[in-house]
Amino acid sequence: MREIRRPLALSVGDPSGIGPEIALAAWKRREELGVPTFYLLADPNLIAARGRLVGADVQIAETTAQEAHTVFAGALPIVPLKAKFVDTVGHPDPVNAEGVIEAIDRAVADSLAGHAAGTVTCPIAKKPLYDAGFGFPGHTEYLAHLAARHTGRKVTPVMLLAGPDLRTVPVTIHIPLAAVPKVLTTDLIVETARITARDLKTRFGIEAPRLAIAGLNPHAGEGGTMGKEDLEIVAPAVEALRQEGIDARGPLPADTLFHRRARASYDVALCMYHDQALIPAKTLAFDEAVNVTLGLPFIRTSPDHGTAFDIAGRGIARSDSLIAALKLAAELAGNARSAQG
């Protein structure tokens, strides 16, 4: 992993979930696992209370983004939020939405201002945010909104699930399955693939990315007998990508795309809908997979799991995926800096 000069900004996520305790656990394992320097955007009082609840003997230190690296070796750096949290372990409360959003906002602002090498986000729960008036389908869409607000340029976010043995990208994300055929277009597949290929090259260091494009229907439509979308939407997208010099092939039957030999033939699988991408990624590496948002003007990663309200406060939540997200964010930041010279 390339060394990064600046810390990573870690937003606490929903404080009623496991975000606070996996952040504590990640800091505790910093020397054992080579966790890169990070600071936590959170309410220090809640983090201290959660540490006591789960028996995590962790020293915390209130600091700034610019000074986080000076305290990381001896204490978990916390950059305090203006909003205060109510501590309702395992029971999400819409009153915490203001602080959840503030943490994300400030992590992104710090990343774009150069105070942080990238943004890592602990899991959020959508319903309490919706109940408080949050108007975005999820994390990914909100991050794209923040990028556009800061830069004045519209961006197209692409979700990538990265594990040790598989990377997948869902072309359509947080929409009902019934809406997928209506939303899926050749242009959308091409744009998603372009962004994926570009970021695999500039951030992951893959010189000539190989893209496997899954079919929408069973058996990739079986020559049109099980739906025309693969012939009329997916296949033209693959041809357009190949005309642009991108190594893309498909549409490929999804049921044979994820076994070991098939995975060795590509660098990323583009899937047509959310679960087509997330089920194999989480099945192969539930505790190690990382959610990466491509297409943004800053690095963003996240653990590939949810808030886990059912186990919050019990001290049994695993920090593996968060640690993987922190390490991958540092690697991507280092690759990007190297690519810039």
# chains A, B, ... in the order shown; residues from 1 in each chain; ligands from 1
call {"tool": "residues_around", "arguments": {"residues": "Arg318 of chain A", "least_positions_apart": "5", "cutoff": "12 Å", "atoms": "only C-alpha atoms", "output": "list in words"}}
result
Ile18, Gly19, Pro20, Glu21, Ile22, Ala23, Leu24, Ala25, Ala26, Arg29, Phe286, Asp287, Glu288, Pro303, Asp304, His305, Gly306, Thr307, Ala308, Ile311, Ala312, Ile323 and Ala324 of chain A
call {"tool": "write_last_selection", "arguments": {"atoms": "N, CA, C and O atoms", "output": "tab-separated table (two decimals), in the first residue's frame"}}
result
chain	number	residue	atom	x	y	z
A	18	ILE	N	-23.62	0.18	14.46
A	18	ILE	CA	-22.29	-0.29	14.88
A	18	ILE	C	-21.15	0.62	14.44
A	18	ILE	O	-19.99	0.35	14.75
A	19	GLY	N	-21.47	1.73	13.73
A	19	GLY	CA	-20.42	2.63	13.27
A	19	GLY	C	-19.45	3.06	14.35
A	19	GLY	O	-18.23	2.95	14.19
A	20	PRO	N	-19.96	3.57	15.51
A	20	PRO	CA	-19.03	4.00	16.55
A	20	PRO	C	-18.09	2.90	17.04
A	20	PRO	O	-16.90	3.13	17.25
A	21	GLU	N	-18.60	1.69	17.21
A	21	GLU	CA	-17.75	0.64	17.79
A	21	GLU	C	-16.78	0.04	16.78
A	21	GLU	O	-15.67	-0.36	17.15
A	22	ILE	N	-17.16	0.00	15.47
A	22	ILE	CA	-16.18	-0.51	14.52
A	22	ILE	C	-15.09	0.54	14.27
A	22	ILE	O	-13.95	0.18	13.97
A	23	ALA	N	-15.42	1.82	14.43
A	23	ALA	CA	-14.38	2.86	14.35
A	23	ALA	C	-13.39	2.71	15.51
A	23	ALA	O	-12.17	2.80	15.32
A	24	LEU	N	-13.91	2.48	16.70
A	24	LEU	CA	-13.05	2.24	17.86
A	24	LEU	C	-12.17	1.00	17.63
A	24	LEU	O	-10.97	1.02	17.90
A	25	ALA	N	-12.79	-0.07	17.13
A	25	ALA	CA	-12.06	-1.31	16.91
A	25	ALA	C	-10.99	-1.14	15.84
A	25	ALA	O	-9.89	-1.70	15.95
A	26	ALA	N	-11.30	-0.39	14.78
A	26	ALA	CA	-10.32	-0.17	13.72
A	26	ALA	C	-9.10	0.57	14.26
A	26	ALA	O	-7.96	0.24	13.92
A	29	ARG	N	-6.78	-1.67	16.25
A	29	ARG	CA	-6.02	-2.64	15.46
A	29	ARG	C	-5.07	-1.95	14.47
A	29	ARG	O	-4.55	-2.59	13.57
A	286	PHE	N	-18.17	-11.23	2.49
A	286	PHE	CA	-19.05	-10.38	3.28
A	286	PHE	C	-18.28	-9.50	4.26
A	286	PHE	O	-18.62	-8.33	4.46
A	287	ASP	N	-17.26	-10.04	4.90
A	287	ASP	CA	-16.52	-9.29	5.91
A	287	ASP	C	-15.35	-8.50	5.34
A	287	ASP	O	-14.67	-7.79	6.08
A	288	GLU	N	-15.10	-8.62	4.03
A	288	GLU	CA	-13.93	-7.97	3.46
A	288	GLU	C	-14.26	-7.05	2.28
A	288	GLU	O	-13.43	-6.25	1.86
A	303	PRO	N	-17.61	0.42	4.32
A	303	PRO	CA	-17.81	-1.01	4.57
A	303	PRO	C	-19.01	-1.51	3.77
A	303	PRO	O	-19.98	-0.77	3.55
A	304	ASP	N	-18.95	-2.75	3.37
A	304	ASP	CA	-20.03	-3.32	2.58
A	304	ASP	C	-21.02	-4.05	3.49
A	304	ASP	O	-21.29	-5.22	3.32
A	305	HIS	N	-21.51	-3.35	4.48
A	305	HIS	CA	-22.56	-3.90	5.35
A	305	HIS	C	-23.38	-2.75	5.90
A	305	HIS	O	-23.02	-1.57	5.72
A	306	GLY	N	-24.43	-3.07	6.58
A	306	GLY	CA	-25.33	-2.06	7.09
A	306	GLY	C	-25.05	-1.66	8.53
A	306	GLY	O	-23.97	-1.94	9.09
A	307	THR	N	-26.05	-1.04	9.13
A	307	THR	CA	-25.89	-0.49	10.48
A	307	THR	C	-25.93	-1.55	11.57
A	307	THR	O	-25.46	-1.30	12.68
A	308	ALA	N	-26.50	-2.70	11.28
A	308	ALA	CA	-26.54	-3.83	12.22
A	308	ALA	C	-27.08	-3.41	13.60
A	308	ALA	O	-26.47	-3.66	14.63
A	311	ILE	N	-27.14	-5.87	16.65
A	311	ILE	CA	-25.98	-6.24	17.48
A	311	ILE	C	-25.25	-5.02	18.03
A	311	ILE	O	-24.23	-5.17	18.71
A	312	ALA	N	-25.76	-3.84	17.76
A	312	ALA	CA	-25.09	-2.62	18.24
A	312	ALA	C	-25.01	-2.61	19.76
A	312	ALA	O	-25.97	-2.98	20.44
A	323	ILE	N	-11.95	-1.74	8.14
A	323	ILE	CA	-10.49	-1.69	7.97
A	323	ILE	C	-10.12	-1.86	6.50
A	323	ILE	O	-9.25	-1.16	5.98
A	324	ALA	N	-10.80	-2.78	5.82
A	324	ALA	CA	-10.55	-2.95	4.39
A	324	ALA	C	-10.89	-1.67	3.62
A	324	ALA	O	-10.17	-1.29	2.69
call {"tool": "residues_around", "arguments": {"residues": "Thr185 of chain A", "least_positions_apart": "2", "cutoff": "6 Å", "atoms": "only C-alpha atoms", "output": "mmCIF file with C-alpha atoms, in the first residue's frame"}}
result
data_model
loop_
_atom_site.group_PDB
_atom_site.id
_atom_site.type_symbol
_atom_site.label_atom_id
_atom_site.label_comp_id
_atom_site.auth_asym_id
_atom_site.auth_seq_id
_atom_site.Cartn_x
_atom_site.Cartn_y
_atom_site.Cartn_z
ATOM 1 C CA ASP A 187 -26.281 5.059 -23.021
ATOM 2 C CA LEU A 188 -26.461 4.338 -19.286
ATOM 3 C CA ILE A 233 -29.886 -2.566 -25.150
#
call {"tool": "select_by_dssp", "arguments": {"residues": "segment 195-340 of chain A", "states": "alpha helix (DSSP H)", "output": "ChimeraX atom specification"}}
result
/A:195-202,229,235-243,260-263,274-285,320-339
call {"tool": "write_last_selection", "arguments": {"atoms": "C-alpha atoms", "output": "mmCIF file, in the first residue's frame"}}
result
data_model
loop_
_atom_site.group_PDB
_atom_site.id
_atom_site.type_symbol
_atom_site.label_atom_id
_atom_site.label_comp_id
_atom_site.auth_asym_id
_atom_site.auth_seq_id
_atom_site.Cartn_x
_atom_site.Cartn_y
_atom_site.Cartn_z
ATOM 1 C CA ILE A 195 -16.377 5.745 -15.705
ATOM 2 C CA THR A 196 -15.522 2.286 -14.399
ATOM 3 C CA ALA A 197 -12.732 1.738 -16.929
ATOM 4 C CA ARG A 198 -11.292 5.201 -16.310
ATOM 5 C CA ASP A 199 -11.218 4.856 -12.522
ATOM 6 C CA LEU A 200 -9.866 1.307 -12.637
ATOM 7 C CA LYS A 201 -6.992 2.741 -14.629
ATOM 8 C CA THR A 202 -6.333 5.976 -12.721
ATOM 9 C CA GLU A 229 -33.271 -6.195 -23.687
ATOM 10 C CA ALA A 235 -25.292 -5.846 -26.878
ATOM 11 C CA PRO A 236 -25.182 -2.403 -28.586
ATOM 12 C CA ALA A 237 -23.550 -0.971 -25.473
ATOM 13 C CA VAL A 238 -20.826 -3.619 -25.575
ATOM 14 C CA GLU A 239 -20.198 -2.918 -29.246
ATOM 15 C CA ALA A 240 -19.997 0.847 -28.609
ATOM 16 C CA LEU A 241 -17.473 0.293 -25.818
ATOM 17 C CA ARG A 242 -15.339 -1.931 -28.003
ATOM 18 C CA GLN A 243 -15.404 0.726 -30.726
ATOM 19 C CA ARG A 260 -13.595 -18.968 -10.013
ATOM 20 C CA ARG A 261 -12.457 -19.569 -13.613
ATOM 21 C CA ALA A 262 -14.830 -16.941 -14.978
ATOM 22 C CA ARG A 263 -13.629 -14.344 -12.445
ATOM 23 C CA HIS A 274 -28.473 -3.978 -7.643
ATOM 24 C CA ASP A 275 -28.762 -7.554 -6.385
ATOM 25 C CA GLN A 276 -27.156 -9.060 -9.491
ATOM 26 C CA ALA A 277 -23.981 -7.249 -8.395
ATOM 27 C CA LEU A 278 -24.253 -7.311 -4.616
ATOM 28 C CA ILE A 279 -25.250 -10.923 -4.016
ATOM 29 C CA PRO A 280 -22.052 -12.468 -5.473
ATOM 30 C CA ALA A 281 -19.870 -9.730 -3.952
ATOM 31 C CA LYS A 282 -21.273 -10.228 -0.455
ATOM 32 C CA THR A 283 -21.404 -14.009 -0.757
ATOM 33 C CA LEU A 284 -17.707 -14.220 -1.611
ATOM 34 C CA ALA A 285 -16.424 -11.622 0.847
ATOM 35 C CA ASP A 320 -12.856 -6.158 9.059
ATOM 36 C CA SER A 321 -14.838 -4.436 6.307
ATOM 37 C CA LEU A 322 -14.201 -0.964 7.736
ATOM 38 C CA ILE A 323 -10.488 -1.693 7.972
ATOM 39 C CA ALA A 324 -10.553 -2.954 4.386
ATOM 40 C CA ALA A 325 -12.350 0.270 3.366
ATOM 41 C CA LEU A 326 -9.748 2.437 5.111
ATOM 42 C CA LYS A 327 -6.865 0.524 3.564
ATOM 43 C CA LEU A 328 -8.381 0.586 0.088
ATOM 44 C CA ALA A 329 -9.075 4.332 0.353
ATOM 45 C CA ALA A 330 -5.433 4.914 1.225
ATOM 46 C CA GLU A 331 -4.325 2.707 -1.673
ATOM 47 C CA LEU A 332 -6.568 4.529 -4.149
ATOM 48 C CA ALA A 333 -5.387 7.901 -2.886
ATOM 49 C CA GLY A 334 -1.794 6.812 -3.294
ATOM 50 C CA ASN A 335 -2.418 5.493 -6.813
ATOM 51 C CA ALA A 336 -4.188 8.706 -7.805
ATOM 52 C CA ARG A 337 -1.314 10.840 -6.485
ATOM 53 C CA SER A 338 1.191 8.646 -8.326
ATOM 54 C CA ALA A 339 -0.823 8.906 -11.570
#
call {"tool": "residues_around", "arguments": {"residues": "Ile213 of chain A", "least_positions_apart": "6", "cutoff": "7 Å", "atoms": "only C-alpha atoms", "output": "list of chain:residue names"}}
result
A:Ala248, A:Arg249, A:Gly250, A:Pro251, A:Leu252, A:Ala269, A:Leu270, A:Cys271
call {"tool": "write_last_selection", "arguments": {"atoms": "N, CA and C atoms", "output": "short mmCIF file (atom, residue, chain, number, x, y, z; two decimals), in the first residue's frame"}}
result
data_model
loop_
_atom_site.label_atom_id
_atom_site.label_comp_id
_atom_site.auth_asym_id
_atom_site.auth_seq_id
_atom_site.Cartn_x
_atom_site.Cartn_y
_atom_site.Cartn_z
N ALA A 248 -14.35 -4.79 -23.49
CA ALA A 248 -15.64 -5.20 -22.93
C ALA A 248 -16.18 -6.39 -23.70
N ARG A 249 -16.84 -7.30 -23.00
CA ARG A 249 -17.47 -8.43 -23.67
C ARG A 249 -18.80 -8.74 -23.00
N GLY A 250 -19.73 -9.22 -23.81
CA GLY A 250 -21.05 -9.53 -23.31
C GLY A 250 -22.10 -9.30 -24.39
N PRO A 251 -23.35 -9.42 -24.04
CA PRO A 251 -23.88 -9.74 -22.71
C PRO A 251 -23.62 -11.20 -22.34
N LEU A 252 -23.23 -11.41 -21.08
CA LEU A 252 -22.86 -12.73 -20.59
C LEU A 252 -23.91 -13.22 -19.59
N ALA A 269 -17.07 -6.94 -13.18
CA ALA A 269 -18.31 -7.37 -13.83
C ALA A 269 -19.34 -6.26 -13.71
N LEU A 270 -19.85 -5.77 -14.83
CA LEU A 270 -20.93 -4.80 -14.83
C LEU A 270 -22.25 -5.55 -14.85
N CYS A 271 -23.06 -5.30 -13.84
CA CYS A 271 -24.33 -6.00 -13.69
C CYS A 271 -25.48 -5.03 -13.91
#
call {"tool": "residues_around", "arguments": {"residues": "Ala75 of chain A", "least_positions_apart": "2", "cutoff": "7 Å", "atoms": "only C-alpha atoms", "output": "list in words"}}
result
Gln59, Ile60, Ala61, Val71, Phe72, Ala73 and Pro77 of chain A
call {"tool": "write_last_selection", "arguments": {"atoms": "N, CA and C atoms", "output": "PDB file, in the first residue's frame"}}
result
ATOM      1  N   GLN A  59      -8.316   5.510  24.123  1.00  0.00           N
ATOM      2  CA  GLN A  59      -8.137   6.927  24.404  1.00  0.00           C
ATOM      3  C   GLN A  59      -8.626   7.723  23.196  1.00  0.00           C
ATOM      4  N   ILE A  60      -9.437   8.762  23.442  1.00  0.00           N
ATOM      5  CA  ILE A  60      -9.875   9.603  22.342  1.00  0.00           C
ATOM      6  C   ILE A  60      -9.346  11.019  22.546  1.00  0.00           C
ATOM      7  N   ALA A  61      -9.185  11.744  21.436  1.00  0.00           N
ATOM      8  CA  ALA A  61      -8.666  13.103  21.502  1.00  0.00           C
ATOM      9  C   ALA A  61      -9.416  13.972  20.514  1.00  0.00           C
ATOM     10  N   VAL A  71      -1.929  12.977  16.571  1.00  0.00           N
ATOM     11  CA  VAL A  71      -2.436  12.279  17.760  1.00  0.00           C
ATOM     12  C   VAL A  71      -2.800  10.827  17.483  1.00  0.00           C
ATOM     13  N   PHE A  72      -2.804  10.418  16.214  1.00  0.00           N
ATOM     14  CA  PHE A  72      -3.326   9.103  15.851  1.00  0.00           C
ATOM     15  C   PHE A  72      -2.589   7.957  16.545  1.00  0.00           C
ATOM     16  N   ALA A  73      -1.311   8.084  16.729  1.00  0.00           N
ATOM     17  CA  ALA A  73      -0.551   6.987  17.336  1.00  0.00           C
ATOM     18  C   ALA A  73      -0.985   6.701  18.765  1.00  0.00           C
ATOM     19  N   PRO A  77      -8.349  10.133  16.928  1.00  0.00           N
ATOM     20  CA  PRO A  77      -8.671  11.541  16.688  1.00  0.00           C
ATOM     21  C   PRO A  77     -10.152  11.702  16.340  1.00  0.00           C
TER      22      PRO A  77
END
call {"tool": "residues_around", "arguments": {"residues": "Ala147 of chain A", "least_positions_apart": "3", "cutoff": "7 Å", "atoms": "only C-alpha atoms", "output": "PyMOL selection string"}}
result
chain A and resi 143-144+150-151+296-297
call {"tool": "select_by_dssp", "arguments": {"residues": "segment 39-256 of chain A", "states": "strand (DSSP E or B)", "output": "ChimeraX atom specification"}}
result
/A:39-42,60-62,76-80,119-121,158-162,167-170,210-214,247-252
call {"tool": "atom_distance", "arguments": {"atom1": "atom CA of Leu10 of chain A", "atom2": "atom CA of Leu294 of chain A"}}
result
17.7 Å
call {"tool": "atom_distance", "arguments": {"atom1": "atom CA of Phe309 of chain A", "atom2": "atom CA of Gly17 of chain A"}}
result
4.8 Å
call {"tool": "atom_distance", "arguments": {"atom1": "atom CA of Pro15 of chain A", "atom2": "atom CA of Pro44 of chain A"}}
result
11.3 Å
call {"tool": "residues_around", "arguments": {"residues": "Ile101 of chain A", "least_positions_apart": "2", "cutoff": "12 Å", "atoms": "only C-alpha atoms", "output": "PDB file with N, CA and C atoms, in the first residue's frame"}}
result
ATOM      1  N   SER A  11     -16.671   9.328   8.439  1.00  0.00           N
ATOM      2  CA  SER A  11     -17.945   9.769   9.009  1.00  0.00           C
ATOM      3  C   SER A  11     -18.534   8.631   9.842  1.00  0.00           C
ATOM      4  N   VAL A  12     -19.186   8.993  10.942  1.00  0.00           N
ATOM      5  CA  VAL A  12     -19.581   8.002  11.941  1.00  0.00           C
ATOM      6  C   VAL A  12     -20.770   7.159  11.512  1.00  0.00           C
ATOM      7  N   GLY A  13     -21.545   7.617  10.506  1.00  0.00           N
ATOM      8  CA  GLY A  13     -22.736   6.878  10.122  1.00  0.00           C
ATOM      9  C   GLY A  13     -23.837   7.054  11.152  1.00  0.00           C
ATOM     10  N   ASP A  14     -24.807   6.141  11.160  1.00  0.00           N
ATOM     11  CA  ASP A  14     -25.885   6.226  12.145  1.00  0.00           C
ATOM     12  C   ASP A  14     -25.326   5.835  13.511  1.00  0.00           C
ATOM     13  N   PRO A  15     -25.359   6.737  14.495  1.00  0.00           N
ATOM     14  CA  PRO A  15     -24.723   6.450  15.780  1.00  0.00           C
ATOM     15  C   PRO A  15     -25.431   5.386  16.597  1.00  0.00           C
ATOM     16  N   LEU A  41     -15.340  11.800  12.367  1.00  0.00           N
ATOM     17  CA  LEU A  41     -16.268  12.920  12.495  1.00  0.00           C
ATOM     18  C   LEU A  41     -17.472  12.433  13.284  1.00  0.00           C
ATOM     19  N   ALA A  42     -17.595  12.895  14.539  1.00  0.00           N
ATOM     20  CA  ALA A  42     -18.582  12.311  15.439  1.00  0.00           C
ATOM     21  C   ALA A  42     -18.801  13.215  16.645  1.00  0.00           C
ATOM     22  N   LEU A  81     -18.544  17.217  15.851  1.00  0.00           N
ATOM     23  CA  LEU A  81     -19.627  17.779  15.055  1.00  0.00           C
ATOM     24  C   LEU A  81     -20.300  18.905  15.824  1.00  0.00           C
ATOM     25  N   LYS A  82     -20.925  19.799  15.099  1.00  0.00           N
ATOM     26  CA  LYS A  82     -21.741  20.826  15.760  1.00  0.00           C
ATOM     27  C   LYS A  82     -23.006  20.188  16.330  1.00  0.00           C
ATOM     28  N   ALA A  83     -23.585  19.253  15.602  1.00  0.00           N
ATOM     29  CA  ALA A  83     -24.789  18.558  16.065  1.00  0.00           C
ATOM     30  C   ALA A  83     -24.420  17.563  17.160  1.00  0.00           C
ATOM     31  N   LYS A  84     -25.321  17.377  18.091  1.00  0.00           N
ATOM     32  CA  LYS A  84     -25.147  16.392  19.156  1.00  0.00           C
ATOM     33  C   LYS A  84     -26.087  15.215  18.913  1.00  0.00           C
ATOM     34  N   PHE A  85     -25.621  14.042  19.288  1.00  0.00           N
ATOM     35  CA  PHE A  85     -26.413  12.837  19.091  1.00  0.00           C
ATOM     36  C   PHE A  85     -27.150  12.439  20.367  1.00  0.00           C
ATOM     37  N   PRO A  94     -34.689   9.683  14.232  1.00  0.00           N
ATOM     38  CA  PRO A  94     -34.545  10.744  13.235  1.00  0.00           C
ATOM     39  C   PRO A  94     -33.875  12.006  13.761  1.00  0.00           C
ATOM     40  N   VAL A  95     -33.882  12.217  15.076  1.00  0.00           N
ATOM     41  CA  VAL A  95     -33.252  13.407  15.635  1.00  0.00           C
ATOM     42  C   VAL A  95     -31.747  13.412  15.365  1.00  0.00           C
ATOM     43  N   ASN A  96     -31.171  12.233  15.114  1.00  0.00           N
ATOM     44  CA  ASN A  96     -29.736  12.143  14.823  1.00  0.00           C
ATOM     45  C   ASN A  96     -29.398  12.424  13.363  1.00  0.00           C
ATOM     46  N   ALA A  97     -30.405  12.600  12.519  1.00  0.00           N
ATOM     47  CA  ALA A  97     -30.165  12.781  11.085  1.00  0.00           C
ATOM     48  C   ALA A  97     -29.271  13.988  10.814  1.00  0.00           C
ATOM     49  N   GLU A  98     -29.476  15.073  11.557  1.00  0.00           N
ATOM     50  CA  GLU A  98     -28.675  16.279  11.324  1.00  0.00           C
ATOM     51  C   GLU A  98     -27.182  15.988  11.470  1.00  0.00           C
ATOM     52  N   GLY A  99     -26.820  15.261  12.524  1.00  0.00           N
ATOM     53  CA  GLY A  99     -25.413  14.939  12.736  1.00  0.00           C
ATOM     54  C   GLY A  99     -24.882  13.930  11.739  1.00  0.00           C
ATOM     55  N   ALA A 103     -21.714  14.912   9.321  1.00  0.00           N
ATOM     56  CA  ALA A 103     -20.466  14.143   9.256  1.00  0.00           C
ATOM     57  C   ALA A 103     -20.079  13.845   7.812  1.00  0.00           C
ATOM     58  N   ILE A 104     -21.059  13.466   6.993  1.00  0.00           N
ATOM     59  CA  ILE A 104     -20.787  13.198   5.578  1.00  0.00           C
ATOM     60  C   ILE A 104     -20.361  14.481   4.875  1.00  0.00           C
ATOM     61  N   ASP A 105     -21.116  15.555   5.114  1.00  0.00           N
ATOM     62  CA  ASP A 105     -20.812  16.841   4.483  1.00  0.00           C
ATOM     63  C   ASP A 105     -19.378  17.280   4.774  1.00  0.00           C
ATOM     64  N   ARG A 106     -18.991  17.167   6.022  1.00  0.00           N
ATOM     65  CA  ARG A 106     -17.665  17.660   6.414  1.00  0.00           C
ATOM     66  C   ARG A 106     -16.550  16.755   5.912  1.00  0.00           C
ATOM     67  N   ALA A 107     -16.803  15.455   5.847  1.00  0.00           N
ATOM     68  CA  ALA A 107     -15.797  14.545   5.293  1.00  0.00           C
ATOM     69  C   ALA A 107     -15.534  14.870   3.830  1.00  0.00           C
ATOM     70  N   VAL A 108     -16.615  15.108   3.076  1.00  0.00           N
ATOM     71  CA  VAL A 108     -16.467  15.461   1.661  1.00  0.00           C
ATOM     72  C   VAL A 108     -15.765  16.803   1.507  1.00  0.00           C
ATOM     73  N   THR A 121     -16.964   6.192   4.821  1.00  0.00           N
ATOM     74  CA  THR A 121     -18.243   6.401   5.499  1.00  0.00           C
ATOM     75  C   THR A 121     -18.692   5.144   6.225  1.00  0.00           C
ATOM     76  N   CYS A 122     -19.049   5.290   7.498  1.00  0.00           N
ATOM     77  CA  CYS A 122     -19.694   4.193   8.210  1.00  0.00           C
ATOM     78  C   CYS A 122     -21.160   4.119   7.768  1.00  0.00           C
ATOM     79  N   PRO A 123     -21.809   2.985   7.993  1.00  0.00           N
ATOM     80  CA  PRO A 123     -23.150   2.775   7.426  1.00  0.00           C
ATOM     81  C   PRO A 123     -24.205   3.732   7.974  1.00  0.00           C
ATOM     82  N   ILE A 124     -25.123   4.120   7.107  1.00  0.00           N
ATOM     83  CA  ILE A 124     -26.283   4.901   7.493  1.00  0.00           C
ATOM     84  C   ILE A 124     -27.544   4.057   7.309  1.00  0.00           C
ATOM     85  N   ALA A 125     -28.607   4.454   8.007  1.00  0.00           N
ATOM     86  CA  ALA A 125     -29.919   3.830   7.827  1.00  0.00           C
ATOM     87  C   ALA A 125     -30.802   4.839   7.121  1.00  0.00           C
ATOM     88  N   LYS A 126     -31.443   4.433   6.059  1.00  0.00           N
ATOM     89  CA  LYS A 126     -32.188   5.392   5.240  1.00  0.00           C
ATOM     90  C   LYS A 126     -33.497   5.850   5.888  1.00  0.00           C
ATOM     91  N   PRO A 128     -34.618   6.503   9.076  1.00  0.00           N
ATOM     92  CA  PRO A 128     -34.598   7.673   9.963  1.00  0.00           C
ATOM     93  C   PRO A 128     -34.198   8.950   9.243  1.00  0.00           C
ATOM     94  N   LEU A 129     -33.384   8.832   8.205  1.00  0.00           N
ATOM     95  CA  LEU A 129     -33.042  10.014   7.415  1.00  0.00           C
ATOM     96  C   LEU A 129     -34.253  10.481   6.610  1.00  0.00           C
ATOM     97  N   TYR A 130     -34.972   9.538   5.987  1.00  0.00           N
ATOM     98  CA  TYR A 130     -36.179   9.898   5.256  1.00  0.00           C
ATOM     99  C   TYR A 130     -37.200  10.558   6.196  1.00  0.00           C
ATOM    100  N   ALA A 132     -36.627  12.313   8.643  1.00  0.00           N
ATOM    101  CA  ALA A 132     -36.178  13.667   8.976  1.00  0.00           C
ATOM    102  C   ALA A 132     -36.147  14.588   7.756  1.00  0.00           C
ATOM    103  N   GLY A 133     -36.583  14.057   6.582  1.00  0.00           N
ATOM    104  CA  GLY A 133     -36.672  14.892   5.399  1.00  0.00           C
ATOM    105  C   GLY A 133     -35.552  14.737   4.392  1.00  0.00           C
ATOM    106  N   PHE A 134     -34.704  13.732   4.549  1.00  0.00           N
ATOM    107  CA  PHE A 134     -33.607  13.484   3.621  1.00  0.00           C
ATOM    108  C   PHE A 134     -34.184  13.095   2.266  1.00  0.00           C
ATOM    109  N   GLY A 135     -33.726  13.755   1.196  1.00  0.00           N
ATOM    110  CA  GLY A 135     -34.369  13.575  -0.100  1.00  0.00           C
ATOM    111  C   GLY A 135     -33.577  12.803  -1.123  1.00  0.00           C
ATOM    112  N   PHE A 136     -32.680  11.914  -0.708  1.00  0.00           N
ATOM    113  CA  PHE A 136     -31.856  11.171  -1.655  1.00  0.00           C
ATOM    114  C   PHE A 136     -32.046   9.668  -1.434  1.00  0.00           C
ATOM    115  N   GLY A 138     -29.921   7.251  -1.393  1.00  0.00           N
ATOM    116  CA  GLY A 138     -28.895   6.622  -0.569  1.00  0.00           C
ATOM    117  C   GLY A 138     -27.627   7.444  -0.522  1.00  0.00           C
ATOM    118  N   HIS A 139     -26.622   6.863   0.109  1.00  0.00           N
ATOM    119  CA  HIS A 139     -25.314   7.478   0.255  1.00  0.00           C
ATOM    120  C   HIS A 139     -24.735   7.910  -1.091  1.00  0.00           C
ATOM    121  N   TYR A 142     -26.292  10.944  -2.672  1.00  0.00           N
ATOM    122  CA  TYR A 142     -26.034  12.168  -1.898  1.00  0.00           C
ATOM    123  C   TYR A 142     -24.595  12.638  -2.096  1.00  0.00           C
ATOM    124  N   LEU A 143     -23.667  11.719  -2.179  1.00  0.00           N
ATOM    125  CA  LEU A 143     -22.271  12.094  -2.421  1.00  0.00           C
ATOM    126  C   LEU A 143     -22.113  12.773  -3.779  1.00  0.00           C
ATOM    127  N   LEU A 146     -23.255  16.313  -3.353  1.00  0.00           N
ATOM    128  CA  LEU A 146     -22.247  17.136  -2.682  1.00  0.00           C
ATOM    129  C   LEU A 146     -21.111  17.500  -3.635  1.00  0.00           C
TER     130      LEU A 146
END
call {"tool": "closest_residue", "arguments": {"among": "A:Leu53, A:Ala117, A:Val89, A:Ala289", "to": "Gly163 of chain A", "atoms": "only C-alpha atoms"}}
result
A:Ala289
call {"tool": "residues_around", "arguments": {"residues": "Thr293 of chain A", "least_positions_apart": "6", "cutoff": "10 Å", "atoms": "only C-alpha atoms", "output": "ChimeraX atom specification"}}
result
/A:139-141,143-144,156-161,169,196,199,299-302
call {"tool": "closest_residue", "arguments": {"among": "A:Ala148, A:Ala264, A:Ala48, A:Ala214", "to": "Leu76 of chain A", "atoms": "only C-alpha atoms"}}
result
A:Ala48
